[in-house]
Each structure stands twice: as C-alpha cells, then as structure tokens.
>>> print(open('coords.tsv').read())   # TSV, C-alpha atoms
chain	number	residue	atom	x	y	z
L	1	MET	CA	0.00	0.00	0.00
L	2	LYS	CA	1.04	3.57	-0.50
L	3	ILE	CA	1.64	5.84	2.45
L	4	MET	CA	3.53	9.09	2.97
L	5	VAL	CA	6.73	9.07	5.04
L	6	ASN	CA	8.19	12.46	5.86
L	7	GLY	CA	6.27	14.00	3.00
L	8	GLN	CA	7.43	11.47	0.40
L	9	PRO	CA	5.33	8.66	-1.11
L	10	GLN	CA	6.39	5.22	0.14
L	11	GLU	CA	5.22	1.76	-0.92
L	12	THR	CA	5.18	-0.58	2.08
L	13	GLY	CA	3.85	-3.91	3.26
L	14	ALA	CA	4.33	-2.97	6.91
L	15	ARG	CA	1.19	-3.56	8.95
L	16	ASN	CA	2.12	-1.27	11.79
L	17	LEU	CA	4.44	1.61	12.62
L	18	ALA	CA	7.07	-0.56	14.32
L	19	GLU	CA	7.32	-2.76	11.22
L	20	LEU	CA	7.60	0.29	9.00
L	21	CYS	CA	10.48	1.79	11.03
L	22	ALA	CA	12.30	-1.56	10.99
L	23	ALA	CA	11.69	-2.09	7.26
L	24	LEU	CA	13.03	1.39	6.46
L	25	GLY	CA	16.19	0.60	8.41
L	26	TYR	CA	15.95	2.91	11.40
L	27	GLY	CA	17.10	0.10	13.69
L	28	ASP	CA	17.91	1.51	17.11
L	29	ALA	CA	18.24	5.10	15.88
L	30	LYS	CA	17.01	7.83	18.21
L	31	ILE	CA	13.72	8.77	16.54
L	32	ALA	CA	10.21	9.92	17.40
L	33	THR	CA	7.11	9.28	15.37
L	34	ALA	CA	3.70	10.67	14.49
L	35	VAL	CA	0.88	9.37	12.31
L	36	ASN	CA	-1.59	11.74	10.67
L	37	GLY	CA	-0.43	14.59	12.87
L	38	ASP	CA	-0.67	12.76	16.19
L	39	PHE	CA	2.32	11.70	18.27
L	40	VAL	CA	2.83	7.94	18.59
L	41	PRO	CA	5.07	6.96	21.53
L	42	ALA	CA	7.77	4.38	20.85
L	43	ALA	CA	5.98	1.87	23.05
L	44	SER	CA	2.81	2.15	20.95
L	45	ARG	CA	4.36	1.74	17.50
L	46	ALA	CA	3.74	-2.01	17.30
L	47	GLU	CA	0.06	-1.58	18.02
L	48	THR	CA	-0.39	1.37	15.66
L	49	ALA	CA	-1.82	-0.13	12.48
L	50	LEU	CA	-1.10	1.62	9.19
L	51	ALA	CA	-3.62	2.23	6.44
L	52	ARG	CA	-3.45	3.55	2.87
L	53	GLU	CA	-2.69	7.26	2.59
L	54	ASP	CA	-1.47	7.51	6.20
L	55	ARG	CA	0.99	10.33	6.74
L	56	VAL	CA	3.90	9.21	8.89
L	57	GLU	CA	6.52	11.51	10.41
L	58	ILE	CA	9.86	10.12	11.59
L	59	VAL	CA	12.07	12.72	13.26
L	60	ALA	CA	15.47	12.83	14.94
L	61	PRO	CA	17.36	15.35	17.09
L	62	ARG	CA	18.61	18.39	15.23
L	63	GLN	CA	20.32	21.68	15.98
L	64	GLY	CA	17.87	24.44	16.89
L	65	GLY	CA	17.61	28.00	18.19
Z	1	MET	CA	21.41	32.22	40.25
Z	2	VAL	CA	18.40	32.03	38.00
Z	3	THR	CA	15.63	29.51	38.58
Z	4	PHE	CA	13.50	27.84	35.91
Z	5	TYR	CA	10.78	25.49	37.13
Z	6	GLY	CA	12.54	24.92	40.43
Z	7	GLU	CA	16.00	24.30	38.97
Z	8	SER	CA	18.77	26.83	39.53
Z	9	PHE	CA	21.50	27.81	37.08
Z	10	SER	CA	24.45	30.13	37.48
Z	11	SER	CA	24.64	31.13	33.81
Z	12	ARG	CA	22.03	33.56	32.50
Z	13	LEU	CA	23.00	32.98	28.88
Z	14	ILE	CA	21.07	30.30	27.00
Z	15	LEU	CA	22.52	29.42	23.60
Z	16	GLY	CA	20.95	27.94	20.50
Z	17	SER	CA	22.76	25.07	18.82
Z	18	ALA	CA	22.02	25.89	15.15
Z	19	LEU	CA	23.98	27.61	12.40
Z	20	TYR	CA	27.51	27.03	13.73
Z	21	PRO	CA	30.24	26.42	11.13
Z	22	SER	CA	31.00	23.02	12.73
Z	23	PRO	CA	30.09	20.85	15.74
Z	24	ASP	CA	33.53	21.59	17.17
Z	25	ILE	CA	33.02	25.35	17.03
Z	26	PHE	CA	29.57	24.91	18.60
Z	27	GLN	CA	31.12	22.92	21.43
Z	28	ARG	CA	33.91	25.42	22.04
Z	29	SER	CA	31.49	28.37	21.91
Z	30	VAL	CA	29.14	26.84	24.48
Z	31	LYS	CA	32.04	26.12	26.82
Z	32	ALA	CA	33.53	29.59	26.34
Z	33	ALA	CA	30.17	31.17	27.19
Z	34	GLY	CA	29.78	29.00	30.29
Z	35	ALA	CA	26.25	28.20	29.09
Z	36	GLU	CA	24.43	25.49	31.00
Z	37	ILE	CA	21.35	25.27	28.79
Z	38	VAL	CA	21.22	24.90	24.99
Z	39	THR	CA	18.19	24.83	22.74
Z	40	VAL	CA	17.73	21.93	20.34
Z	41	SER	CA	15.14	20.86	17.83
Z	42	LEU	CA	13.94	17.91	15.81
Z	43	ARG	CA	13.54	17.40	12.10
Z	44	ARG	CA	12.57	14.73	9.62
Z	45	GLU	CA	15.39	12.24	9.14
Z	46	GLY	CA	15.78	9.38	6.66
Z	47	ALA	CA	17.00	6.00	7.87
Z	48	ARG	CA	20.36	6.37	6.16
Z	49	GLU	CA	21.09	9.81	7.55
Z	50	ARG	CA	22.74	9.80	10.90
Z	51	ALA	CA	23.16	13.52	11.44
Z	52	GLY	CA	20.61	13.56	14.23
Z	53	GLN	CA	22.22	10.67	16.02
Z	54	GLN	CA	25.64	12.32	15.88
Z	55	PHE	CA	24.28	15.62	17.12
Z	56	TRP	CA	22.50	13.91	20.00
Z	57	SER	CA	25.74	12.14	21.02
Z	58	LEU	CA	27.56	15.48	20.99
Z	59	VAL	CA	24.95	17.19	23.15
Z	60	GLN	CA	24.98	14.34	25.62
Z	61	SER	CA	28.76	14.44	25.85
Z	62	LEU	CA	28.63	18.13	26.78
Z	63	GLY	CA	26.51	17.37	29.84
Z	64	LEU	CA	24.24	20.34	29.17
Z	65	ARG	CA	20.60	20.83	29.96
Z	66	VAL	CA	18.63	20.79	26.70
Z	67	LEU	CA	15.61	22.92	25.91
Z	68	PRO	CA	13.88	21.48	22.82
Z	69	ASN	CA	11.89	23.87	20.66
Z	70	THR	CA	8.85	23.61	18.43
Z	71	ALA	CA	10.36	25.91	15.79
Z	72	GLY	CA	8.41	26.14	12.57
Z	73	CYS	CA	5.07	25.02	14.02
Z	74	ARG	CA	2.17	27.12	12.80
Z	75	THR	CA	-0.75	25.64	14.72
Z	76	PRO	CA	-1.31	24.49	18.30
Z	77	LYS	CA	-1.88	20.94	17.02
Z	78	GLU	CA	1.50	20.87	15.24
Z	79	ALA	CA	3.23	22.39	18.26
Z	80	ILE	CA	1.65	19.92	20.68
Z	81	ALA	CA	2.60	16.88	18.58
Z	82	THR	CA	6.12	18.26	18.09
Z	83	ALA	CA	6.47	18.88	21.84
Z	84	MET	CA	5.46	15.30	22.55
Z	85	MET	CA	7.98	13.96	20.04
Z	86	ALA	CA	10.64	16.21	21.59
Z	87	ARG	CA	9.86	14.99	25.10
Z	88	GLU	CA	10.42	11.41	24.04
Z	89	LEU	CA	13.56	12.17	21.99
Z	90	PHE	CA	15.29	14.39	24.50
Z	91	GLU	CA	13.87	12.84	27.66
Z	92	THR	CA	12.85	16.15	29.20
Z	93	PRO	CA	9.52	17.81	30.02
Z	94	TRP	CA	11.01	21.21	29.10
Z	95	ILE	CA	9.72	22.71	25.88
Z	96	LYS	CA	10.44	26.05	24.23
Z	97	LEU	CA	6.99	26.55	22.77
Z	98	GLU	CA	6.83	28.38	19.46
Z	99	VAL	CA	3.61	28.81	17.52
Z	100	ILE	CA	4.52	31.01	14.60
Z	101	ALA	CA	2.01	33.41	13.07
Z	102	ASN	CA	3.87	34.94	10.16
Z	103	ASP	CA	6.76	33.72	8.01
Z	104	ASP	CA	8.26	37.18	7.50
Z	105	THR	CA	8.35	38.31	11.11
Z	106	LEU	CA	8.30	34.87	12.78
Z	107	GLN	CA	6.18	36.55	15.41
Z	108	PRO	CA	4.32	34.33	17.88
Z	109	ASP	CA	0.65	33.53	17.30
Z	110	LEU	CA	-0.35	34.50	20.82
Z	111	PHE	CA	-3.79	32.89	20.63
Z	112	GLY	CA	-2.38	29.57	19.42
Z	113	LEU	CA	0.45	29.86	21.95
Z	114	VAL	CA	-1.92	30.17	24.91
Z	115	GLU	CA	-4.01	27.24	23.65
Z	116	ALA	CA	-0.97	25.00	23.16
Z	117	ALA	CA	0.57	26.07	26.49
Z	118	ALA	CA	-2.59	25.11	28.39
Z	119	THR	CA	-2.72	21.66	26.77
Z	120	LEU	CA	0.98	20.96	27.25
Z	121	THR	CA	0.93	22.07	30.89
Z	122	ARG	CA	-1.94	19.66	31.54
Z	123	GLU	CA	0.16	16.95	29.88
Z	124	GLY	CA	2.98	17.57	32.36
Z	125	PHE	CA	5.25	19.77	30.26
Z	126	LYS	CA	7.25	22.66	31.66
Z	127	VAL	CA	6.56	25.27	29.04
Z	128	PHE	CA	8.98	28.07	28.05
Z	129	PRO	CA	6.66	30.16	25.84
Z	130	TYR	CA	8.16	32.28	23.06
Z	131	THR	CA	5.86	35.29	23.31
Z	132	THR	CA	5.81	39.06	22.87
Z	133	GLU	CA	5.78	41.78	25.52
Z	134	ASP	CA	1.95	41.82	25.42
Z	135	LEU	CA	0.61	41.93	29.00
Z	136	SER	CA	-2.68	40.17	28.28
Z	137	ALA	CA	-0.91	37.29	26.60
Z	138	ALA	CA	1.46	37.14	29.58
Z	139	GLU	CA	-1.49	36.90	31.99
Z	140	ARG	CA	-3.07	34.14	29.94
Z	141	LEU	CA	0.16	32.18	29.67
Z	142	LEU	CA	0.72	32.33	33.42
Z	143	ALA	CA	-2.91	31.30	34.02
Z	144	ALA	CA	-2.33	28.40	31.62
Z	145	GLY	CA	0.42	27.13	33.90
Z	146	CYS	CA	3.58	28.67	32.49
Z	147	GLU	CA	6.01	29.58	35.28
Z	148	LEU	CA	8.18	31.81	33.11
Z	149	LEU	CA	7.89	33.92	29.97
Z	150	MET	CA	10.20	34.43	27.02
Z	151	PRO	CA	9.29	37.64	25.18
Z	152	TRP	CA	11.09	38.46	21.95
Z	153	GLY	CA	13.54	41.33	21.71
Z	154	SER	CA	12.87	41.60	17.97
Z	155	PRO	CA	12.15	39.15	15.15
Z	156	ILE	CA	14.11	35.85	15.23
Z	157	GLY	CA	17.43	36.11	13.44
Z	158	SER	CA	17.08	39.85	12.79
Z	159	GLY	CA	19.75	41.10	15.19
Z	160	GLN	CA	17.76	44.26	15.80
Z	161	GLY	CA	18.05	44.11	19.57
Z	162	LEU	CA	15.26	45.34	21.84
Z	163	ASN	CA	12.63	46.92	19.57
Z	164	ASN	CA	10.29	47.86	22.40
Z	165	PRO	CA	12.32	48.56	25.54
Z	166	SER	CA	9.42	50.45	27.08
Z	167	GLY	CA	7.04	47.50	26.64
Z	168	LEU	CA	9.64	45.08	27.97
Z	169	LYS	CA	10.20	47.33	30.98
Z	170	THR	CA	6.47	47.36	31.65
Z	171	LEU	CA	6.31	43.56	31.42
Z	172	ARG	CA	9.17	43.34	33.93
Z	173	GLY	CA	7.36	45.74	36.23
Z	174	TYR	CA	4.06	43.86	36.04
Z	175	PHE	CA	5.54	40.47	36.82
Z	176	PRO	CA	8.42	41.09	39.25
Z	177	GLU	CA	8.45	37.49	40.51
Z	178	VAL	CA	8.16	35.66	37.16
Z	179	PRO	CA	11.41	34.57	35.49
Z	180	LEU	CA	11.62	36.52	32.23
Z	181	VAL	CA	13.98	35.60	29.39
Z	182	ILE	CA	14.58	37.70	26.30
Z	183	ASP	CA	14.39	35.25	23.42
Z	184	ALA	CA	15.24	36.23	19.88
Z	185	GLY	CA	16.48	39.23	17.98
Z	186	LEU	CA	19.64	40.02	19.95
Z	187	GLY	CA	22.46	40.93	17.59
Z	188	ALA	CA	25.15	42.47	19.77
Z	189	PRO	CA	26.41	42.03	23.32
Z	190	SER	CA	25.14	45.55	24.07
Z	191	HIS	CA	21.61	44.30	23.34
Z	192	ALA	CA	22.05	41.52	25.86
Z	193	ALA	CA	23.43	43.95	28.44
Z	194	ALA	CA	20.44	46.25	27.85
Z	195	ALA	CA	18.04	43.35	28.43
Z	196	MET	CA	19.77	42.43	31.66
Z	197	GLU	CA	19.84	46.07	32.81
Z	198	LEU	CA	16.04	46.08	32.47
Z	199	GLY	CA	15.99	43.32	35.05
Z	200	TYR	CA	15.42	40.36	32.75
Z	201	ASP	CA	16.58	37.11	34.27
Z	202	ALA	CA	18.35	35.66	31.24
Z	203	VAL	CA	18.74	35.92	27.48
Z	204	LEU	CA	18.47	33.28	24.79
Z	205	LEU	CA	20.26	33.76	21.49
Z	206	ASN	CA	21.70	31.78	18.63
Z	207	THR	CA	22.47	33.57	15.37
Z	208	ALA	CA	24.52	36.41	16.86
Z	209	VAL	CA	27.06	33.93	18.19
Z	210	ALA	CA	26.82	31.15	15.60
Z	211	LYS	CA	27.17	33.48	12.60
Z	212	ALA	CA	29.89	35.71	14.08
Z	213	GLY	CA	33.26	35.67	12.34
Z	214	ASP	CA	34.65	34.04	15.47
Z	215	PRO	CA	31.75	32.37	17.33
Z	216	GLN	CA	33.85	31.37	20.32
Z	217	LYS	CA	35.04	34.92	20.89
Z	218	MET	CA	31.50	36.28	20.43
Z	219	ALA	CA	30.23	33.77	22.98
Z	220	VAL	CA	32.72	35.21	25.47
Z	221	ALA	CA	31.59	38.74	24.57
Z	222	PHE	CA	27.93	37.89	25.18
Z	223	ALA	CA	28.73	36.13	28.45
Z	224	GLY	CA	30.55	39.26	29.66
Z	225	ALA	CA	27.71	41.52	28.57
Z	226	VAL	CA	25.12	39.39	30.36
Z	227	GLU	CA	27.15	39.47	33.57
Z	228	ALA	CA	27.74	43.22	33.31
Z	229	GLY	CA	24.06	43.93	32.65
Z	230	ARG	CA	22.93	41.77	35.52
Z	231	ALA	CA	25.43	43.35	37.91
Z	232	ALA	CA	24.25	46.79	36.82
Z	233	PHE	CA	20.63	45.86	37.49
Z	234	GLU	CA	21.48	44.52	40.93
Z	235	ALA	CA	23.60	47.59	41.71
Z	236	GLY	CA	20.77	49.96	40.73
Z	237	LEU	CA	21.07	52.26	37.74
Z	238	MET	CA	20.95	56.02	38.22
Z	239	PRO	CA	17.76	57.76	37.08
Z	240	ARG	CA	17.85	59.29	33.63
Z	241	ARG	CA	17.72	63.12	33.53
Z	242	ASP	CA	16.81	65.48	30.76
Z	243	MET	CA	19.40	68.12	31.70
Z	244	ALA	CA	23.04	68.12	32.70
Z	245	VAL	CA	23.88	67.98	36.39
Z	246	PRO	CA	27.51	68.72	37.31
Z	247	SER	CA	29.23	65.89	39.08
Z	248	THR	CA	32.02	68.09	40.43
Z	249	SER	CA	31.01	70.44	43.23
Z	250	VAL	CA	30.05	73.93	42.06
Z	251	ALA	CA	30.95	75.40	45.44
Z	252	GLY	CA	34.55	76.58	45.49
Z	253	THR	CA	34.95	76.76	41.73
Z	254	PRO	CA	37.88	79.15	41.02
Z	255	PHE	CA	37.02	82.43	39.29
Z	256	PHE	CA	33.33	81.66	40.09
Z	257	GLU	CA	32.27	85.33	40.37
Z	258	PHE	CA	34.09	86.33	37.18
Z	259	GLY	CA	31.01	85.25	35.22
Z	260	ASN	CA	31.15	84.89	31.47
Z	261	ALA	CA	32.54	88.41	30.71
Z	262	SER	CA	35.42	88.22	28.34
>>> encode(input="coords.tsv", output="structure tokens")
Amino acid sequence: MKIMVNGQPQETGARNLAELCAALGYGDAKIATAVNGDFVPAASRAETALAREDRVEIVAPRQGG
Amino acid sequence: MVTFYGESFSSRLILGSALYPSPDIFQRSVKAAGAEIVTVSLRREGARERAGQQFWSLVQSLGLRVLPNTAGCRTPKEAIATAMMARELFETPWIKLEVIANDDTLQPDLFGLVEAAATLTREGFKVFPYTTEDLSAAERLLAAGCELLMPWGSPIGSGQGLNNPSGLKTLRGYFPEVPLVIDAGLGAPSHAAAAMELGYDAVLLNTAVAKAGDPQKMAVAFAGAVEAGRAAFEAGLMPRRDMAVPSTSVAGTPFFEFGNAS
C-alpha cells in the first residue's frame, strides 16, 4: 500500500508503525514518530496499524535555536 | 542564580545550537560562554542519515541541559505533537513553545500559543513560551500554567536588539516574581546587556554567536555583557535626567564670580 513518510510517497507492506520503522532501516536510531499529525510513543508503535494514505513523520534530534 | 521550574543555574545565557560552522566550534562556543542550557530541535530524518544521532551524542557528551523547541510550528496541534515527540527524543519535560504566526516576522501567534501552552501544561510539560511583551498574553500564559515567559527582543534572526524597551520594561514591572527571558532578535552584546539592565533574568540567542566571524570569541563577549548587565541591574542604575547635572562640586569653583565676561 502507498503511504507518505516524511512528505514522500512510500510503498510498504508494513502492517504497523514498528514494522515500518524496521523495514526502512531505522534500527535503534534515536527517533520519534507521528501518524496523521498525532504523536505515537515508541511503546505504541507495534500496536499502531497503518492504512493507505497515512501520513507518517519520523524525526530525529537536530540543531535548533 | 536564576531559577527555571525549580531548577537553579548560574549562567544567565542560553545558547541555541544551530547555524555554527562546525560541531567543534559549537562545542567550544558553548564552553567559552559558560552556558548550561542549549536549545535543540527535531527534524525529519531518513534511515540512512545519521546527522541527528551524531548531534545527540555530541549534546549528551557536553553534559548540558537541553531545551527542545517547536520551531516552525504554525498551529497548536503541530506544536503539541512536536512537543510530545521532543519529550520522548530528549527525555525532558522542558519545551520552548513556538507557535509562529507569520513567516516574515516569525512573530508568535499568541492565541495559538496560549491554547498549546494550556494543553501541554496539563500533559505535564514545563513550558517556556516564546511570546511578545503583550501583557494580556502574559497573563493568559501564566494562568495556563507557564512559570516563566520568554518575550522576543525583535524578530528571530534579525539582530535588531530590543525593539520595544518600554514594553519590555512594563512587562518586567508587572511580573516582578516571574522569570523573564529575552528570546530572539539580539544581535550584539550591548543588546544583551540592555536586556539584563532592564531586570530580565536571562537571554536566549543563537544567530549572533553562531554566525559571528569568530563564534567562540563572540560567545565570550555575550557572556561578559550578560554578567555586566545583571550586575548593573542589581547595583541599581541612576535615574535618567533630561538636563546636565555637574558631578564636580560647584561650590569653590575658582574664578566663580568672574562670570562669562570676556
């Protein structure tokens, strides 16, 4: 199915957010996630099912002012 | 010492972590300034990029307190979700809350800010709101649970200094017990000193140091200015006068009765 990851279209067979992060290769990287504008805690990724057209955000620490 | 949400710090200079020429120069600048708190952010990152991971390792190695921001958020919903992601990433309830109203001025959307601050406070965050000198907004933010305020000096990254010293002075006067931090717009150490002379508790800046020709040296300059301004405030500044007043005694001036006749 097609979803959006960080604003880019992505074809995936992942059923939930944890599977998606693993499939994309994030491994144990320090990241935080949101689906359709709502924060999804790390502990809830495995139980957060993904559906067509979902908009996923995967973010990491960055310099800021 | 300055206290934010029950925690005391000896440095009154909070530095941003963006825009430095290199991680090494960032590190040396922060150390030179004696800063104890740095602001950080979060951004989209692909799986193959590891910039975020490297930055996080650097920040951790410095042993600094981090203040994550919600820079770039335009609605309370975006800011709230970003704050929650930041809390998990950086493992802190502190959040520099920005809800931006206008891309040209980067001025805060005060209505959205108050709304987001109320929600985040209920969720257990310790909110550092990026606001203006507006007194009504200040009242609302404090009622929403904020224990400090961070009014702008001037637009972010503009280096204009304190655009409304009178308004900032009034804000200080209205809320003598609330920690107040000037956030944004400071371009020169003299601006930071002026903010501290008004009785502000701390200043937060980024571009003025990071984009200086020699960031490390500029960090030292700002640190000195902040200390000088604070000391001046504590010492008590003389009142401003419209006319000259001689400092040397008039009594006993030689030739006093000669007058101005030539």
>>> closest_atom_pairs(input="coords.tsv", of="chain L", to="chain Z", cutoff="10 Å", atoms="all atoms listed in the file", output="JSON lines")
{"residue": "L:Val5", "atom": "CA", "partner": "Z:Gly46", "partner_atom": "CA", "distance": 9.2}
{"residue": "L:Asn6", "atom": "CA", "partner": "Z:Arg44", "partner_atom": "CA", "distance": 6.2}
{"residue": "L:Gly7", "atom": "CA", "partner": "Z:Arg44", "partner_atom": "CA", "distance": 9.2}
{"residue": "L:Cys21", "atom": "CA", "partner": "Z:Ala47", "partner_atom": "CA", "distance": 8.4}
{"residue": "L:Ala22", "atom": "CA", "partner": "Z:Ala47", "partner_atom": "CA", "distance": 9.4}
{"residue": "L:Ala23", "atom": "CA", "partner": "Z:Ala47", "partner_atom": "CA", "distance": 9.7}
{"residue": "L:Leu24", "atom": "CA", "partner": "Z:Ala47", "partner_atom": "CA", "distance": 6.2}
{"residue": "L:Gly25", "atom": "CA", "partner": "Z:Ala47", "partner_atom": "CA", "distance": 5.5}
{"residue": "L:Tyr26", "atom": "CA", "partner": "Z:Ala47", "partner_atom": "CA", "distance": 4.8}
{"residue": "L:Gly27", "atom": "CA", "partner": "Z:Ala47", "partner_atom": "CA", "distance": 8.3}
{"residue": "L:Ala29", "atom": "CA", "partner": "Z:Gln53", "partner_atom": "CA", "distance": 6.8}
{"residue": "L:Lys30", "atom": "CA", "partner": "Z:Gln53", "partner_atom": "CA", "distance": 6.3}
{"residue": "L:Ile31", "atom": "CA", "partner": "Z:Leu89", "partner_atom": "CA", "distance": 6.4}
{"residue": "L:Ala32", "atom": "CA", "partner": "Z:Met85", "partner_atom": "CA", "distance": 5.3}
{"residue": "L:Thr33", "atom": "CA", "partner": "Z:Met85", "partner_atom": "CA", "distance": 6.7}
{"residue": "L:Ala34", "atom": "CA", "partner": "Z:Ala81", "partner_atom": "CA", "distance": 7.5}
{"residue": "L:Val35", "atom": "CA", "partner": "Z:Ala81", "partner_atom": "CA", "distance": 9.9}
{"residue": "L:Gly37", "atom": "CA", "partner": "Z:Ala81", "partner_atom": "CA", "distance": 6.9}
{"residue": "L:Asp38", "atom": "CA", "partner": "Z:Ala81", "partner_atom": "CA", "distance": 5.8}
{"residue": "L:Phe39", "atom": "CA", "partner": "Z:Ala81", "partner_atom": "CA", "distance": 5.2}
{"residue": "L:Val40", "atom": "CA", "partner": "Z:Met85", "partner_atom": "CA", "distance": 8.1}
{"residue": "L:Pro41", "atom": "CA", "partner": "Z:Glu88", "partner_atom": "CA", "distance": 7.4}
{"residue": "L:Ala42", "atom": "CA", "partner": "Z:Glu88", "partner_atom": "CA", "distance": 8.2}
{"residue": "L:Glu57", "atom": "CA", "partner": "Z:Arg44", "partner_atom": "CA", "distance": 6.9}
{"residue": "L:Ile58", "atom": "CA", "partner": "Z:Arg44", "partner_atom": "CA", "distance": 5.7}
{"residue": "L:Val59", "atom": "CA", "partner": "Z:Arg44", "partner_atom": "CA", "distance": 4.2}
{"residue": "L:Ala60", "atom": "CA", "partner": "Z:Gly52", "partner_atom": "CA", "distance": 5.2}
{"residue": "L:Pro61", "atom": "CA", "partner": "Z:Leu42", "partner_atom": "CA", "distance": 4.5}
{"residue": "L:Arg62", "atom": "CA", "partner": "Z:Leu42", "partner_atom": "CA", "distance": 4.7}
{"residue": "L:Gln63", "atom": "CA", "partner": "Z:Ala18", "partner_atom": "CA", "distance": 4.6}
{"residue": "L:Gly64", "atom": "CA", "partner": "Z:Val40", "partner_atom": "CA", "distance": 4.3}
{"residue": "L:Gly65", "atom": "CA", "partner": "Z:Gly16", "partner_atom": "CA", "distance": 4.1}
>>> closest_residue(input="coords.tsv", among="Z:Leu198, Z:Ala212, Z:Gly185, Z:Thr253", to="Glu234 of chain Z", atoms="only C-alpha atoms")
Z:Leu198
>>> atom_distance(input="coords.tsv", atom1="atom CA of Ala231 of chain Z", atom2="atom CA of Pro189 of chain Z")
14.7 Å
>>> atom_distance(input="coords.tsv", atom1="atom CA of Pro215 of chain Z", atom2="atom CA of Ile25 of chain Z")
7.1 Å
>>> atom_distance(input="coords.tsv", atom1="atom CA of Pro129 of chain Z", atom2="atom CA of Ala33 of chain Z")
23.6 Å
>>> residues_around(input="coords.tsv", residues="Met196 of chain Z", least_positions_apart="6", cutoff="12 Å", atoms="only C-alpha atoms", output="CSV table (one decimal) with C-alpha atoms, in the frame of the given file")
chain,number,residue,atom,x,y,z
Z,12,ARG,CA,22.0,33.6,32.5
Z,13,LEU,CA,23.0,33.0,28.9
Z,153,GLY,CA,13.5,41.3,21.7
Z,162,LEU,CA,15.3,45.3,21.8
Z,165,PRO,CA,12.3,48.6,25.5
Z,168,LEU,CA,9.6,45.1,28.0
Z,169,LYS,CA,10.2,47.3,31.0
Z,172,ARG,CA,9.2,43.3,33.9
Z,180,LEU,CA,11.6,36.5,32.2
Z,181,VAL,CA,14.0,35.6,29.4
Z,182,ILE,CA,14.6,37.7,26.3
Z,186,LEU,CA,19.6,40.0,20.0
Z,189,PRO,CA,26.4,42.0,23.3
Z,190,SER,CA,25.1,45.6,24.1
Z,202,ALA,CA,18.4,35.7,31.2
Z,203,VAL,CA,18.7,35.9,27.5
Z,204,LEU,CA,18.5,33.3,24.8
Z,222,PHE,CA,27.9,37.9,25.2
Z,223,ALA,CA,28.7,36.1,28.4
Z,224,GLY,CA,30.6,39.3,29.7
Z,225,ALA,CA,27.7,41.5,28.6
Z,226,VAL,CA,25.1,39.4,30.4
Z,227,GLU,CA,27.2,39.5,33.6
Z,228,ALA,CA,27.7,43.2,33.3
Z,229,GLY,CA,24.1,43.9,32.6
Z,230,ARG,CA,22.9,41.8,35.5
Z,231,ALA,CA,25.4,43.4,37.9
Z,232,ALA,CA,24.2,46.8,36.8
Z,233,PHE,CA,20.6,45.9,37.5
Z,234,GLU,CA,21.5,44.5,40.9
Z,235,ALA,CA,23.6,47.6,41.7
Z,236,GLY,CA,20.8,50.0,40.7
Z,237,LEU,CA,21.1,52.3,37.7
>>> residues_around(input="coords.tsv", residues="Leu135 of chain Z", least_positions_apart="4", cutoff="12 Å", atoms="only C-alpha atoms", output="CSV table (one decimal) with C-alpha atoms, in the coordinates of the input")
chain,number,residue,atom,x,y,z
Z,110,LEU,CA,-0.4,34.5,20.8
Z,131,THR,CA,5.9,35.3,23.3
Z,139,GLU,CA,-1.5,36.9,32.0
Z,140,ARG,CA,-3.1,34.1,29.9
Z,141,LEU,CA,0.2,32.2,29.7
Z,142,LEU,CA,0.7,32.3,33.4
Z,149,LEU,CA,7.9,33.9,30.0
Z,151,PRO,CA,9.3,37.6,25.2
Z,167,GLY,CA,7.0,47.5,26.6
Z,168,LEU,CA,9.6,45.1,28.0
Z,169,LYS,CA,10.2,47.3,31.0
Z,170,THR,CA,6.5,47.4,31.6
Z,171,LEU,CA,6.3,43.6,31.4
Z,172,ARG,CA,9.2,43.3,33.9
Z,173,GLY,CA,7.4,45.7,36.2
Z,174,TYR,CA,4.1,43.9,36.0
Z,175,PHE,CA,5.5,40.5,36.8
